[in-house]
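Below: final04.txt (compact mmCIF, C-alpha atoms)
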```txt
# COMPACT_ATOMS: atom_id res chain seq x y z
CA MET O 1 110.75 84.43 29.44
CA LYS O 2 107.45 83.76 31.12
CA LYS O 3 104.59 85.42 29.26
CA VAL O 4 103.24 88.34 31.32
CA GLU O 5 101.13 91.37 30.64
CA ILE O 6 102.50 94.71 31.83
CA GLU O 7 100.41 97.82 31.26
CA VAL O 8 102.25 101.12 31.41
CA LEU O 9 99.91 104.02 32.22
CA MET O 10 100.78 107.54 31.13
CA ALA O 11 98.80 110.71 31.87
CA THR O 12 99.73 113.73 29.76
CA TYR O 13 99.04 117.45 29.70
CA ASN O 14 100.95 119.97 27.58
CA GLY O 15 103.97 117.69 27.51
CA ALA O 16 105.12 118.24 23.93
CA GLN O 17 108.56 119.43 25.00
CA TYR O 18 109.60 116.08 26.48
CA ILE O 19 107.06 113.42 25.56
CA GLU O 20 108.71 112.08 22.40
CA GLU O 21 111.90 111.35 24.32
CA GLN O 22 109.91 109.50 26.97
CA LEU O 23 107.86 107.52 24.46
CA ASP O 24 111.05 106.50 22.66
CA SER O 25 112.62 105.38 25.93
CA ILE O 26 109.64 103.09 26.58
CA LEU O 27 109.77 101.72 23.03
CA ASN O 28 113.47 100.97 23.56
CA GLN O 29 112.94 98.74 26.61
CA LYS O 30 114.99 95.53 26.56
CA ASP O 31 112.03 93.64 28.01
CA ASN O 32 109.27 93.95 25.44
CA ARG O 33 106.43 92.46 27.51
CA TRP O 34 104.58 95.75 27.90
CA HIS O 35 101.72 97.76 26.43
CA LEU O 36 101.25 101.51 26.89
CA THR O 37 97.91 103.20 27.54
CA VAL O 38 98.10 106.98 27.41
CA SER O 39 95.41 109.53 28.24
CA ASP O 40 95.68 113.24 27.52
CA ASP O 41 94.00 115.87 29.72
CA LEU O 42 92.87 118.20 26.89
CA SER O 43 96.31 119.60 26.12
CA THR O 44 96.53 122.87 24.22
CA ASP O 45 99.97 122.21 22.72
CA LYS O 46 101.10 119.54 20.24
CA THR O 47 100.84 116.66 22.72
CA PRO O 48 97.64 115.13 21.22
CA HIS O 49 99.15 115.25 17.72
CA ILE O 50 102.35 113.56 18.90
CA LEU O 51 100.36 110.84 20.67
CA SER O 52 98.27 110.18 17.57
CA GLU O 53 101.41 109.81 15.49
CA TYR O 54 102.94 107.31 17.90
CA GLU O 55 99.70 105.37 18.23
CA ALA O 56 99.48 105.06 14.44
CA ALA O 57 103.13 104.03 14.11
CA TYR O 58 103.08 101.54 17.03
CA SER O 59 99.47 100.41 17.16
CA GLN O 60 100.38 97.04 18.69
CA LYS O 61 102.13 98.69 21.63
CA ILE O 62 100.45 102.05 22.21
CA ARG O 63 96.78 102.87 22.77
CA ARG O 64 95.15 106.19 23.55
CA ALA O 65 92.33 106.28 26.11
CA PHE O 66 89.73 109.05 26.16
CA SER O 67 87.98 110.01 29.39
CA GLY O 68 85.74 112.71 27.92
CA GLN O 69 86.54 115.01 30.83
CA ARG O 70 89.16 117.42 32.14
CA PHE O 71 90.86 116.21 35.31
CA GLY O 72 93.09 119.17 36.01
CA ASN O 73 95.51 117.16 38.16
CA ALA O 74 97.72 114.10 37.90
CA LYS O 75 96.16 112.23 40.83
CA ASP O 76 92.64 111.96 39.47
CA HIS O 77 93.93 111.35 35.97
CA PHE O 78 96.13 108.42 37.01
CA ILE O 79 93.44 106.93 39.25
CA TRP O 80 91.01 107.02 36.31
CA LEU O 81 93.60 105.26 34.15
CA LEU O 82 94.13 102.66 36.88
CA GLU O 83 90.38 101.99 36.97
CA GLN O 84 90.40 101.29 33.23
CA CYS O 85 93.33 98.88 33.48
CA LYS O 86 92.80 95.15 34.06
CA ALA O 87 96.38 93.96 33.49
CA PRO O 88 98.06 91.81 36.16
CA TYR O 89 100.99 94.25 36.40
CA ILE O 90 100.85 98.03 36.14
CA ALA O 91 103.68 100.53 35.77
CA PHE O 92 103.33 104.30 35.66
CA SER O 93 105.00 106.87 33.44
CA ASP O 94 105.19 110.62 33.72
CA GLN O 95 105.28 112.44 30.40
CA ASP O 96 108.60 114.17 31.12
CA ASP O 97 110.66 111.31 32.58
CA TYR O 98 112.96 108.87 30.83
CA PHE O 99 113.15 105.08 31.26
CA TYR O 100 116.56 103.42 31.11
CA PRO O 101 116.44 100.38 28.75
CA GLU O 102 116.50 97.81 31.57
CA LYS O 103 113.83 99.47 33.72
CA ILE O 104 110.71 97.41 32.97
CA GLY O 105 112.70 94.19 32.91
CA LYS O 106 114.17 94.78 36.36
CA LEU O 107 110.86 95.89 37.86
CA ILE O 108 108.98 92.83 36.61
CA GLN O 109 111.80 90.51 37.65
CA ARG O 110 111.64 91.80 41.23
CA MET O 111 107.84 91.70 41.16
CA GLN O 112 107.78 88.04 40.10
CA GLU O 113 110.33 87.16 42.77
CA LEU O 114 108.00 88.70 45.36
CA GLU O 115 105.00 86.82 43.97
CA GLU O 116 106.90 83.55 44.18
CA GLU O 117 107.59 84.26 47.85
CA TYR O 118 104.30 85.83 48.95
CA GLY O 119 101.78 84.77 46.31
CA GLU O 120 100.07 86.73 43.53
CA HIS O 121 97.12 87.62 45.77
CA THR O 122 99.39 89.64 48.08
CA PRO O 123 99.37 93.39 47.30
CA LEU O 124 102.85 94.13 45.98
CA LEU O 125 104.72 97.27 44.95
CA VAL O 126 108.21 97.54 43.47
CA PHE O 127 110.04 100.79 42.85
CA SER O 128 113.52 102.05 42.09
CA ASP O 129 115.68 105.08 42.60
CA GLN O 130 115.88 107.74 39.89
CA CYS O 131 118.49 110.17 38.65
CA VAL O 132 117.42 113.81 39.03
CA THR O 133 118.18 116.11 36.09
CA ASP O 134 117.26 119.62 35.06
CA GLU O 135 115.08 120.40 32.04
CA LYS O 136 118.12 120.14 29.74
CA GLY O 137 119.07 116.71 31.03
CA LEU O 138 122.00 117.84 33.19
CA THR O 139 122.35 115.85 36.41
CA ILE O 140 121.25 117.58 39.60
CA ALA O 141 121.59 114.50 41.81
CA PRO O 142 122.42 110.86 40.94
CA SER O 143 119.90 109.62 43.52
CA LEU O 144 116.40 111.03 44.09
CA MET O 145 116.10 109.13 47.36
CA GLN O 146 119.30 110.63 48.75
CA TYR O 147 118.45 114.07 47.36
CA GLN O 148 115.15 114.06 49.26
CA LYS O 149 116.67 112.43 52.37
CA GLN O 150 114.28 109.47 52.23
CA TYR O 151 114.75 106.12 53.98
CA PHE O 152 114.40 102.76 52.28
CA SER O 153 115.66 100.39 54.97
CA PHE O 154 112.07 99.64 56.00
CA PHE O 155 108.56 100.39 54.74
CA ASP O 156 106.09 101.03 57.53
CA TYR O 157 102.73 102.35 56.36
CA ARG O 158 102.67 104.81 59.26
CA SER O 159 105.98 106.28 58.11
CA ILE O 160 104.69 106.56 54.56
CA LEU O 161 101.57 108.36 55.78
CA LEU O 162 103.94 110.89 57.32
CA GLN O 163 106.24 111.11 54.29
CA ASN O 164 105.89 109.39 50.93
CA VAL O 165 109.03 107.74 49.54
CA VAL O 166 107.56 106.13 46.41
CA THR O 167 107.60 108.08 43.14
CA GLY O 168 104.90 107.05 40.66
CA GLY O 169 107.14 107.07 37.60
CA ALA O 170 109.53 104.67 39.30
CA MET O 171 107.08 101.99 40.42
CA MET O 172 105.15 98.91 39.39
CA CYS O 173 102.25 97.31 41.26
CA ASN O 174 100.37 94.05 40.87
CA ARG O 175 96.65 93.47 40.33
CA ALA O 176 96.01 92.65 43.99
CA LEU O 177 97.33 96.04 45.10
CA ALA O 178 95.44 97.96 42.42
CA ASP O 179 92.13 96.32 43.37
CA LEU O 180 92.62 96.95 47.10
CA ALA O 181 93.71 100.57 46.61
CA LEU O 182 90.69 101.39 44.44
CA ILE O 183 88.13 100.45 47.12
CA PRO O 184 87.31 104.02 48.27
CA LYS O 185 84.83 105.69 45.94
CA ASP O 186 85.51 109.20 47.19
CA ARG O 187 89.20 109.81 46.49
CA SER O 188 89.23 113.54 47.32
CA LYS O 189 91.40 112.97 50.41
CA ILE O 190 94.02 110.98 48.51
CA ILE O 191 97.04 113.24 48.02
CA MET O 192 98.63 111.39 45.10
CA HIS O 193 97.99 108.00 43.48
CA ASP O 194 101.53 106.75 44.16
CA TRP O 195 101.34 107.80 47.81
CA TRP O 196 98.07 105.96 48.34
CA LEU O 197 99.29 102.80 46.61
CA ALA O 198 102.42 102.85 48.77
CA VAL O 199 100.46 103.17 52.03
CA VAL O 200 98.13 100.31 51.09
CA ALA O 201 101.01 98.09 49.98
CA ALA O 202 103.05 98.77 53.12
CA ARG O 203 100.18 97.84 55.45
CA PHE O 204 98.56 94.94 53.63
CA GLY O 205 101.32 93.60 51.41
CA LYS O 206 104.97 94.15 50.60
CA ILE O 207 107.14 96.90 49.10
CA SER O 208 110.50 96.18 47.54
CA TYR O 209 113.04 98.85 46.61
CA ILE O 210 115.69 98.53 43.88
CA ASN O 211 118.59 100.64 45.11
CA ALA O 212 119.70 101.86 41.69
CA PRO O 213 118.35 104.52 39.32
CA LEU O 214 116.32 102.94 36.52
CA GLY O 215 115.26 106.20 34.95
CA ILE O 216 115.47 109.97 34.98
CA TYR O 217 113.29 112.29 37.02
CA ARG O 218 113.30 115.56 35.14
CA GLN O 219 113.04 118.66 37.32
CA HIS O 220 111.50 121.77 35.74
CA ASP O 221 109.03 124.58 36.42
CA HIS O 222 105.94 122.51 35.57
CA ASN O 223 106.37 119.35 37.69
CA SER O 224 103.17 118.23 39.45
CA VAL O 225 105.15 117.64 42.65
CA GLY O 226 108.86 118.08 41.99
CA ALA O 227 112.01 116.80 43.67
CA LYS O 228 113.06 118.68 46.80
CA ASN O 229 116.46 118.98 48.46
CA VAL O 230 114.83 118.99 51.87
CA ALA O 231 118.10 119.44 53.78
CA SER O 232 119.03 122.60 51.92
CA PHE O 233 118.84 126.00 53.60
CA GLU O 234 116.68 127.30 50.75
CA TYR O 235 114.08 124.56 51.23
CA ILE O 236 113.92 125.01 54.99
CA LYS O 237 113.64 128.78 54.57
CA SER O 238 110.80 128.31 52.08
CA GLN O 239 108.87 126.25 54.64
CA PHE O 240 108.97 129.13 57.11
CA ARG O 241 108.13 131.67 54.42
CA ASN O 242 105.06 129.66 53.39
CA LEU O 243 103.71 128.56 56.75
CA ASP O 244 100.12 128.36 55.55
CA LYS O 245 101.18 126.01 52.74
CA THR O 246 103.26 123.91 55.13
CA LYS O 247 100.40 123.63 57.63
CA GLN O 248 97.98 122.70 54.85
CA ALA O 249 100.32 119.96 53.66
CA ILE O 250 100.28 118.43 57.14
CA GLN O 251 96.50 118.73 57.28
CA ASN O 252 96.24 116.96 53.92
CA LYS O 253 98.27 114.07 55.32
CA LYS O 254 95.94 113.84 58.31
CA GLU O 255 92.90 113.72 56.02
CA GLN O 256 94.49 111.00 53.90
CA ALA O 257 95.15 109.01 57.07
CA SER O 258 91.49 109.49 58.02
CA LEU O 259 90.41 108.05 54.67
CA PHE O 260 92.75 105.11 55.15
CA ARG O 261 91.26 104.38 58.56
CA ASP O 262 87.66 104.69 57.38
CA THR O 263 88.29 102.52 54.31
CA TYR O 264 90.15 99.64 55.95
CA LYS O 265 89.04 99.84 59.59
CA ASP O 266 87.73 96.26 59.61
CA GLN O 267 91.19 95.02 58.59
CA LEU O 268 93.17 97.12 61.06
CA GLY O 269 94.31 96.18 64.54
CA PRO O 270 94.10 98.17 67.80
CA ASP O 271 97.63 99.59 67.40
CA ASP O 272 96.81 100.76 63.87
CA LEU O 273 93.62 102.47 65.00
CA SER O 274 95.34 104.11 67.95
CA PHE O 275 98.03 105.61 65.71
CA LEU O 276 95.54 106.79 63.10
CA ILE O 277 93.19 108.35 65.64
CA ASP O 278 96.04 110.30 67.24
CA PHE O 279 97.48 111.38 63.89
CA GLN O 280 94.08 112.55 62.64
CA LYS O 281 93.77 115.07 65.47
CA LYS O 282 94.05 118.74 64.53
CA ARG O 283 97.13 118.88 66.77
CA SER O 284 98.69 115.50 67.44
CA GLY O 285 101.16 117.02 69.89
CA PHE O 286 104.87 116.70 70.67
CA SER O 287 104.51 113.44 72.61
CA PHE O 288 102.87 111.72 69.62
CA TYR O 289 105.62 112.69 67.20
CA PHE O 290 108.38 112.03 69.73
CA SER O 291 107.08 108.51 70.39
CA ASN O 292 106.96 107.93 66.62
CA ARG O 293 110.21 109.76 65.77
CA LYS O 294 111.74 106.67 64.16
CA LEU O 295 108.99 106.84 61.53
CA ILE O 296 109.84 110.43 60.54
CA HIS O 297 112.54 111.00 57.93
CA GLY O 298 115.02 113.54 59.27
CA ILE O 299 115.19 116.08 62.08
CA HIS O 300 113.84 118.87 59.84
CA ARG O 301 110.60 116.93 59.25
CA PHE O 302 110.35 116.05 62.94
CA VAL O 303 110.65 119.73 63.89
CA GLY O 304 108.03 120.67 61.32
CA TYR O 305 105.53 118.17 62.67
CA THR O 306 106.06 119.14 66.29
CA LEU O 307 105.64 122.83 65.46
CA TRP O 308 102.62 122.63 63.14
CA GLY O 309 101.17 119.13 63.33
```

This entry written out as C-alpha cells:
Amino acid sequence: MKKVEIEVLMATYNGAQYIEEQLDSILNQKDNRWHLTVSDDLSTDKTPHILSEYEAAYSQKIRRAFSGQRFGNAKDHFIWLLEQCKAPYIAFSDQDDYFYPEKIGKLIQRMQELEEEYGEHTPLLVFSDQCVTDEKGLTIAPSLMQYQKQYFSFFDYRSILLQNVVTGGAMMCNRALADLALIPKDRSKIIMHDWWLAVVAARFGKISYINAPLGIYRQHDHNSVGAKNVASFEYIKSQFRNLDKTKQAIQNKKEQASLFRDTYKDQLGPDDLSFLIDFQKKRSGFSFYFSNRKLIHGIHRFVGYTLWG
C-alpha cells in the first residue's frame, strides 16, 4: 500500500464508560496507516488515567495533546485539535463511538480515488453511514442517514447550510480542506466543526459518501448533538414544545451562513451571494424557502423554516 499519514483526532470529556472500547476499535483497524492524537477537556472521571495507560502501551500510535485550557464544548475542542494537526489526511473520532475494522481503510481508499480525479489541492471530504445503537450497544437504527431523513444523492453547500448531513465521527478530510476551513479566526458562529468542514468542502471541493455503515454512533443521555428521528411524532412535538430553542437553532444557521459569506466572499459568485444575503435575513420568508425547497430535507423541515425562519 502507498505510504500515507492519517491522523485521527479525538476530543474527550468524562468518557470513561465507553472510551476503552473505542480506543480498542481504532487499534484493531485493518489499515494500520494511522496515528491517534487525543486531547482531554479536564475530565473529572477516569478518562485521563485511561488515556495515559493507552499512550504508554501504544506510544508509537497514540499521543496525548494538552491545550492548557477548558473548552467546554466539542466544536472548539476539535477545531483546536485540527489547528495542531499537519497530517495530509485527518479523521475524527468521538469518545463513545466504535470503528468497524475496515473503516479507516475504506475512507482513505475513497479519499485517494478522489485525489487522483481532482488533485490533492482540491478540498475533499469523505464520510460514511453509521449504525445507531443505544448506550448498551443495542441497535436503534441500521442507518443514521435514514434515521435522520437525510439526503446523500447530492451535496450542495446551500443545502448543508440549511441541514448538516455529515457526522464528524464518520468522516475524513484532506489537508487542502482543513487549511481552507481554518481561515476564519473568530469561530464563534460556527455551529460544529463537521458542519463547517462539510459546507466548505461542498462549495469549494468535493464530498463523497460511502453508503454503508463503517462504525457505530452510540446514542445516550450525554451526546453533544445526538441522533434524531426527525419524522417521529415525538420529535415534531418537541419542536413545538421548545419553540424558542427551535427558533434559536435557525438563527444559529443564519449566523453561520453570514460567517461563510464574510470569510469567502471574494471566491463566491453572484448567485452564492444572493442566496446567502437572503438566508441571513431575520425572516427569509416563504418565497425564499419555497424557491429553495429542493435543498431542504423533508416536508417537516420545510414547514419549520417557513414558520420560524

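Across the structure, CA of Arg261 in chain O and CA of Val303 in chain O are spaced 25.3 Å apart.
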
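A search radius of 9 Å centred on (103.5, 105.6, 21.2), applied to only C-alpha atoms, returns the residues Glu20, Leu23, Asp24, Ile26, Leu27, Leu36, Thr37, Val38, Ile50, Leu51, Ser52, Glu53, Tyr54, Glu55, Ala56, Ala57, Tyr58, Ser59, Lys61, Ile62, Arg63 and Arg64 of chain O.
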
Query raised in the report: Can you list, as a PyMOL selection string, every protein, DNA or RNA residue that comes within 7 Å of range 181-198 of chain O when you count all atoms listed in the file, leaving out same-chain residues fewer than 3 positions away?
Result: chain O and resi 75+78-79+164+166-168+177-178+201-202+255-256+259+263

Query raised in the report: Could you state the separation of CA of Trp34 in chain O and CA of Asn14 in chain O in Å, given to one decimal place?
Result: 24.5 Å

Per residue of range 76-168 of chain O within 9 Å of range 245-253 of chain O, which atom pair is closest and at what distance in Å (one decimal), using only C-alpha atoms, listed by chain and increasing number, as JSON lines?
```
{"residue": "O:Leu161", "atom": "CA", "partner": "O:Lys253", "partner_atom": "CA", "distance": 6.6}
{"residue": "O:Leu162", "atom": "CA", "partner": "O:Lys253", "partner_atom": "CA", "distance": 6.8}
{"residue": "O:Gln163", "atom": "CA", "partner": "O:Lys253", "partner_atom": "CA", "distance": 8.6}
```

Requested in this report: Step by step: start from the point (94.3, 124.3, 25.9) in the file's coordinates, keep every protein, DNA or RNA residue that has an atom no farther than 12 Å from it, count all atoms listed in the file, and write the set as a ChimeraX atom specification.
Outcome: /O:13-15,40-48,70,72

Which residues of range 120-145 of chain O come within 10 Å of range 88-100 of chain O, and for each one, what is the closest pair of atoms and their distance in Å to one decimal, counting all atoms listed in the file, sorted by chain and residue number, as CSV?
```
residue,atom,partner,partner_atom,distance
O:Glu120,CA,O:Pro88,CA,9.2
O:Leu124,CA,O:Tyr89,CA,9.8
O:Leu125,CA,O:Ile90,CA,9.7
O:Val126,CA,O:Ala91,CA,9.4
O:Phe127,CA,O:Ala91,CA,9.5
O:Gln130,CA,O:Phe99,CA,9.4
O:Cys131,CA,O:Tyr98,CA,9.7
O:Val132,CA,O:Asp97,CA,9.7
O:Thr133,CA,O:Asp97,CA,9.6
O:Glu135,CA,O:Asp96,CA,9.0
O:Gly137,CA,O:Tyr98,CA,9.9
```

Query raised in the report: Looking at all atoms listed in the file, which of O:Asn174, O:Ser25, O:Asn292, O:Gln219 is the one that sits closest to Glu102 in chain O?
Result: O:Ser25

Query raised in the report: Which residues come within 7 Å of range 273-279 of chain O, counting all atoms listed in the file, excluding same-chain residues fewer than 4 positions away, as a ChimeraX atom specification?
Result: /O:254,257,261,268-269,284

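The gap separating CA of Ile299 in chain O from CA of Gln148 in chain O is 13.0 Å, in Å to one decimal.
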
Report summary line: From the list O:Gly205, O:Gly119, O:Pro142, O:Gly304, the nearest residue to Phe155 in chain O using all atoms listed in the file is O:Gly205

Report summary line: Using only C-alpha atoms, the best pick from O:Lys86, O:Arg33, O:His297, O:Lys136 as closest to Ile108 in chain O would be O:Arg33

Around range 115-132 of chain O, fit a box with edges along x, y and z, padding it by 5 Å on each side, then list its centre and edge lengths in Å to one decimal as JSON.
```
{"center_x": 107.8, "center_y": 98.7, "center_z": 43.8, "size_x": 31.4, "size_y": 40.3, "size_z": 20.3}
```
